[in-house]
file run.txt (compact mmCIF, C-alpha atoms and all ligand atoms)
# COMPACT_ATOMS: atom_id res chain seq x y z
CA MET A 1 89.55 85.16 120.49
CA PRO A 2 88.40 82.48 117.99
CA ARG A 3 90.40 82.13 114.80
CA THR A 4 89.01 82.07 111.32
CA PRO A 5 88.75 78.35 110.44
CA ALA A 6 91.75 77.05 108.52
CA PHE A 7 89.58 75.67 105.72
CA CYS A 8 88.39 79.24 105.00
CA TYR A 9 91.94 80.39 104.43
CA ALA A 10 92.73 77.27 102.41
CA PHE A 11 89.80 78.08 100.15
CA ILE A 12 90.36 81.79 99.71
CA SER A 13 94.12 81.48 99.39
CA HIS A 14 93.81 79.55 96.15
CA ARG A 15 95.09 81.87 93.44
CA LEU A 16 92.13 81.41 91.13
CA ILE A 17 89.67 82.05 93.93
CA ARG A 18 91.60 85.11 94.98
CA ALA A 19 91.70 86.44 91.46
CA ALA A 20 87.94 85.95 91.22
CA LEU A 21 87.50 87.84 94.49
CA GLY A 22 89.63 90.69 93.26
CA ASP A 23 93.16 90.04 94.49
CA SER A 24 95.81 90.82 91.91
CA PRO A 25 99.41 90.80 93.18
CA SER A 26 100.84 93.06 90.48
CA ARG A 27 98.06 95.61 90.97
CA ASP A 28 97.67 95.37 94.74
CA VAL A 29 101.35 95.98 95.52
CA ARG A 30 100.96 99.43 93.99
CA TRP A 31 99.52 100.42 97.35
CA ILE A 32 103.19 100.77 98.33
CA ALA A 33 104.64 103.89 96.73
CA PRO A 34 108.00 102.80 95.34
CA VAL A 35 110.98 105.02 96.00
CA PRO A 36 114.44 103.97 94.83
CA GLY A 37 116.28 102.26 97.65
CA THR A 38 113.14 101.44 99.62
CA ARG A 39 113.61 99.24 102.69
CA CYS A 40 110.39 97.27 102.89
CA ALA A 41 109.10 94.30 104.86
CA GLU A 42 106.12 92.10 104.08
CA ILE A 43 104.80 90.75 107.35
CA GLY A 44 103.07 87.38 107.13
CA SER A 45 104.30 86.70 103.61
CA GLY A 46 103.22 83.04 103.84
CA GLY A 47 103.49 81.17 100.56
CA GLY A 48 104.61 84.29 98.70
CA PHE A 49 101.39 85.28 96.97
CA TYR A 50 102.54 88.92 96.96
CA THR A 51 106.30 88.67 97.48
CA PRO A 52 107.59 88.44 93.89
CA ALA A 53 105.20 91.13 92.63
CA LEU A 54 106.24 93.37 95.50
CA ALA A 55 109.94 92.78 94.78
CA ALA A 56 109.41 93.63 91.12
CA HIS A 57 107.40 96.72 92.06
CA LEU A 58 110.07 98.02 94.47
CA GLY A 59 112.74 97.47 91.85
CA SER A 60 116.44 96.76 92.00
CA GLY A 61 118.34 98.73 94.60
CA SER A 62 115.54 98.20 97.12
CA LEU A 63 115.46 95.65 99.93
CA LEU A 64 112.48 93.43 100.71
CA VAL A 65 112.31 91.26 103.81
CA ALA A 66 109.56 88.63 103.61
CA LEU A 67 108.83 87.65 107.21
CA ASP A 68 106.64 84.81 108.39
CA PRO A 69 106.66 82.41 111.32
CA ALA A 70 106.60 79.70 108.65
CA ALA A 71 109.46 81.08 106.57
CA HIS A 72 110.45 77.53 105.69
CA ASP A 73 107.38 77.33 103.43
CA PRO A 74 108.88 76.06 100.14
CA ARG A 75 106.27 78.00 98.14
CA ALA A 76 107.79 81.23 99.47
CA ARG A 77 111.28 80.35 98.21
CA ARG A 78 109.95 79.45 94.81
CA ALA A 79 108.14 82.77 94.74
CA THR A 80 111.30 84.89 94.82
CA GLY A 81 111.50 86.92 91.64
CA THR A 82 113.34 89.87 90.17
CA GLY A 83 113.68 93.43 91.37
CA ALA A 84 114.39 94.19 95.01
CA THR A 85 116.90 92.05 96.85
CA THR A 86 114.67 89.69 98.82
CA ALA A 87 115.35 87.89 102.07
CA HIS A 88 112.98 85.32 103.58
CA ILE A 89 113.20 85.20 107.34
CA ALA A 90 111.34 83.52 110.17
CA GLY A 91 109.85 86.02 112.56
CA ASP A 92 106.91 87.22 114.58
CA GLY A 93 104.91 90.35 113.87
CA LEU A 94 104.73 90.94 117.61
CA ALA A 95 108.51 91.26 117.90
CA LEU A 96 109.86 92.50 114.60
CA PRO A 97 113.60 91.96 114.17
CA PHE A 98 114.23 95.49 112.91
CA ALA A 99 115.70 98.55 114.57
CA SER A 100 113.40 101.43 115.38
CA ALA A 101 112.72 103.80 112.46
CA SER A 102 114.70 101.56 110.11
CA LEU A 103 112.08 100.75 107.43
CA ASP A 104 110.40 102.84 104.73
CA ALA A 105 107.41 100.58 104.10
CA LEU A 106 105.50 97.68 105.64
CA LEU A 107 102.89 95.46 104.01
CA TYR A 108 100.67 93.18 106.09
CA SER A 109 99.19 90.90 103.47
CA TYR A 110 96.18 89.36 105.23
CA SER A 111 98.30 88.52 108.25
CA LEU A 112 97.35 91.02 110.94
CA GLU A 113 94.12 89.13 111.65
CA GLU A 114 96.20 86.08 112.50
CA MET A 115 98.18 87.78 115.21
CA PRO A 116 96.98 87.25 118.77
CA ASP A 117 97.51 90.88 119.80
CA GLN A 118 96.81 93.19 116.87
CA ARG A 119 97.35 96.40 118.83
CA ALA A 120 100.79 95.19 119.89
CA ALA A 121 101.54 94.24 116.28
CA LEU A 122 100.58 97.71 115.08
CA ALA A 123 102.72 99.28 117.79
CA GLU A 124 105.62 97.25 116.43
CA ALA A 125 104.84 98.48 112.93
CA GLU A 126 104.87 102.05 114.14
CA ARG A 127 108.15 101.49 115.97
CA VAL A 128 110.10 100.12 113.00
CA LEU A 129 108.82 102.63 110.44
CA ARG A 130 110.76 105.83 109.91
CA PRO A 131 108.85 109.10 110.06
CA GLY A 132 107.04 109.43 106.74
CA GLY A 133 107.14 105.66 106.26
CA GLN A 134 104.18 103.75 104.81
CA LEU A 135 102.06 101.09 106.47
CA VAL A 136 99.72 99.12 104.20
CA LEU A 137 97.20 96.65 105.61
CA PHE A 138 95.25 94.13 103.55
CA LEU A 139 92.52 92.62 105.72
CA TRP A 140 89.89 90.00 105.01
CA ARG A 141 86.36 91.17 105.70
CA PRO A 142 83.55 88.65 105.30
CA LEU A 143 85.56 85.86 106.82
CA MET A 144 86.48 87.85 109.89
CA PRO A 145 84.27 87.22 112.89
CA ARG A 146 81.95 90.17 113.39
CA ARG A 147 83.55 91.37 116.59
CA ARG A 148 86.96 91.41 114.93
CA ARG A 149 85.66 93.42 111.98
CA ALA A 150 84.26 95.90 114.46
CA SER A 151 87.48 96.08 116.42
CA ALA A 152 90.00 98.89 116.45
CA LEU A 153 91.72 97.04 113.63
CA THR A 154 89.41 98.55 111.06
CA ALA A 155 89.21 101.99 112.64
CA PRO A 156 90.74 104.82 110.62
CA ARG A 157 93.62 105.21 113.01
CA PRO A 158 94.88 101.84 114.21
CA GLN A 159 97.38 102.89 116.80
CA GLY A 160 98.09 106.07 118.67
CA GLU A 161 98.54 109.39 116.97
CA GLY A 162 101.56 108.38 114.95
CA LEU A 163 99.83 106.72 111.99
CA VAL A 164 97.64 108.77 109.70
CA LEU A 165 95.20 107.13 107.29
CA VAL A 166 95.93 108.32 103.76
CA ARG A 167 93.95 105.87 101.64
CA SER A 168 91.33 103.17 102.09
CA HIS A 169 89.33 100.80 99.94
CA HIS A 170 86.42 98.73 101.19
CA GLY A 171 86.18 95.81 98.81
CA LEU A 172 83.64 93.03 98.77
CA GLN A 173 85.89 90.62 100.56
CA ASN A 174 88.61 92.80 101.91
CA LEU A 175 89.67 96.09 103.32
CA ARG A 176 92.82 97.88 102.23
CA LEU A 177 94.25 100.66 104.36
CA ALA A 178 97.35 102.81 103.86
CA TYR A 179 98.88 104.95 106.58
CA ARG A 180 101.80 107.34 106.84
CA LYS A 181 103.79 107.60 110.01
CA ARG A 182 104.03 111.21 111.17
C1 LIG B 1 96.16 84.21 105.38
S1 LIG B 1 97.88 83.95 105.39
C2 LIG B 1 98.42 85.17 104.17
C3 LIG B 1 99.70 84.76 103.53
C4 LIG B 1 100.13 85.64 102.33
N1 LIG B 1 100.49 86.96 102.75
C5 LIG B 1 99.06 85.70 101.29
O1 LIG B 1 98.53 86.77 101.00
O2 LIG B 1 98.77 84.64 100.71
C6 LIG B 1 98.39 84.68 106.94
C7 LIG B 1 99.85 84.61 107.22
O3 LIG B 1 100.11 85.26 108.47
C8 LIG B 1 101.17 84.58 109.10
N2 LIG B 1 101.21 84.89 110.52
C9 LIG B 1 100.44 84.35 111.51
N3 LIG B 1 100.82 84.83 112.70
C10 LIG B 1 101.83 85.70 112.47
C11 LIG B 1 102.65 86.49 113.32
N4 LIG B 1 102.49 86.51 114.65
N5 LIG B 1 103.62 87.24 112.74
C12 LIG B 1 103.79 87.24 111.39
N6 LIG B 1 103.04 86.50 110.55
C13 LIG B 1 102.08 85.74 111.08
C14 LIG B 1 100.86 83.11 108.81
O4 LIG B 1 102.01 82.28 108.98
C15 LIG B 1 100.39 83.18 107.37
O5 LIG B 1 101.43 82.97 106.45
call {"tool": "encode", "arguments": {"input": "run.txt", "output": "structure tokens"}}
result
Amino acid sequence: MPRTPAFCYAFISHRLIRAALGDSPSRDVRWIAPVPGTRCAEIGSGGGFYTPALAAHLGSGSLLVALDPAAHDPRARRATGTGATTAHIAGDGLALPFASASLDALLYSYSLEEMPDQRAALAEAERVLRPGGQLVLFLWRPLMPRRRRASALTAPRPQGEGLVLVRSHHGLQNLRLAYRKR
């Protein structure tokens, strides 16, 4: 499956461009409902565009794991802020290093499209979430190849019967989806 060209991501990942297109870390992380003591992971945290805002949103007493294959990205370390205790780890969305039913919330911040097997990635998400846990997907839209936009990725129920769509927003350049695990 062809990947979105790197220069597209380089362009749209610039903070000013993203702000112009409607991305706002402090607002967008509110898609995760904060509960004291939340155990949350951001999958594909990259340079940490969302990580500090998410940590602040979750608050102290919560745990945030920022996972990315490129966890050595120095921008991510600089991005660590206040609030939830935050750990940056190297990892793969296709084999999450968490026990089954061990997390309360998962955020995929424009990373699911990058994974070679999105169904397998969503199965992993479902595995590590506890019943009642939240899955939030931020997905690019115009820059996704047409067949990927039309894939099961953007269907209301991404995987099996265990994840129930509770909220969606179809933006100009993105799609935001929130699910609850039964
Ligand atoms: C478009 S960037 C988004 C980064 C950041 N979340 C943001 O909003 O700026 C996509 C991210 O997905 C990560 N990624 C790619 N394949 C992955 C995988 N198999 N598991 C986890 N993350 C992956 C990349 O390393 C990259 O940081």
call {"tool": "atom_distance", "arguments": {"input": "run.txt", "atom1": "CA of Thr86 in chain A", "atom2": "CA of Thr51 in chain A"}}
result
8.5 Å
call {"tool": "closest_residue", "arguments": {"input": "run.txt", "among": "A:Arg18, A:Arg167, A:Arg27, A:Lys181", "to": "Gly132 in chain A", "atoms": "only C-alpha atoms"}}
result
A:Lys181
call {"tool": "closest_residue", "arguments": {"input": "run.txt", "among": "A:Leu64, A:Val29, A:Leu106, A:Ala121", "to": "ligand LIG 1 (chain B)", "atoms": "only C-alpha atoms and all ligand atoms"}}
result
A:Ala121
call {"tool": "residues_near_ligand", "arguments": {"input": "run.txt", "ligand": "ligand LIG 1 (chain B)", "cutoff": "8 Å", "atoms": "all atoms listed in the file", "output": "ChimeraX atom specification"}}
result
/A:9,13,42-50,67-71,91-94,108-116,121
call {"tool": "residues_around", "arguments": {"input": "run.txt", "residues": "Gly171 in chain A", "least_positions_apart": "2", "cutoff": "12 Å", "atoms": "all atoms listed in the file", "output": "PyMOL selection string"}}
result
chain A and resi 21-23+138-142+168-169+173-177
call {"tool": "closest_residue", "arguments": {"input": "run.txt", "among": "A:His88, A:Arg127, A:His57, A:Arg15", "to": "Val35 in chain A", "atoms": "only C-alpha atoms"}}
result
A:His57
call {"tool": "atom_distance", "arguments": {"input": "run.txt", "atom1": "CA of Ala55 in chain A", "atom2": "CA of Ala178 in chain A"}}
result
18.5 Å
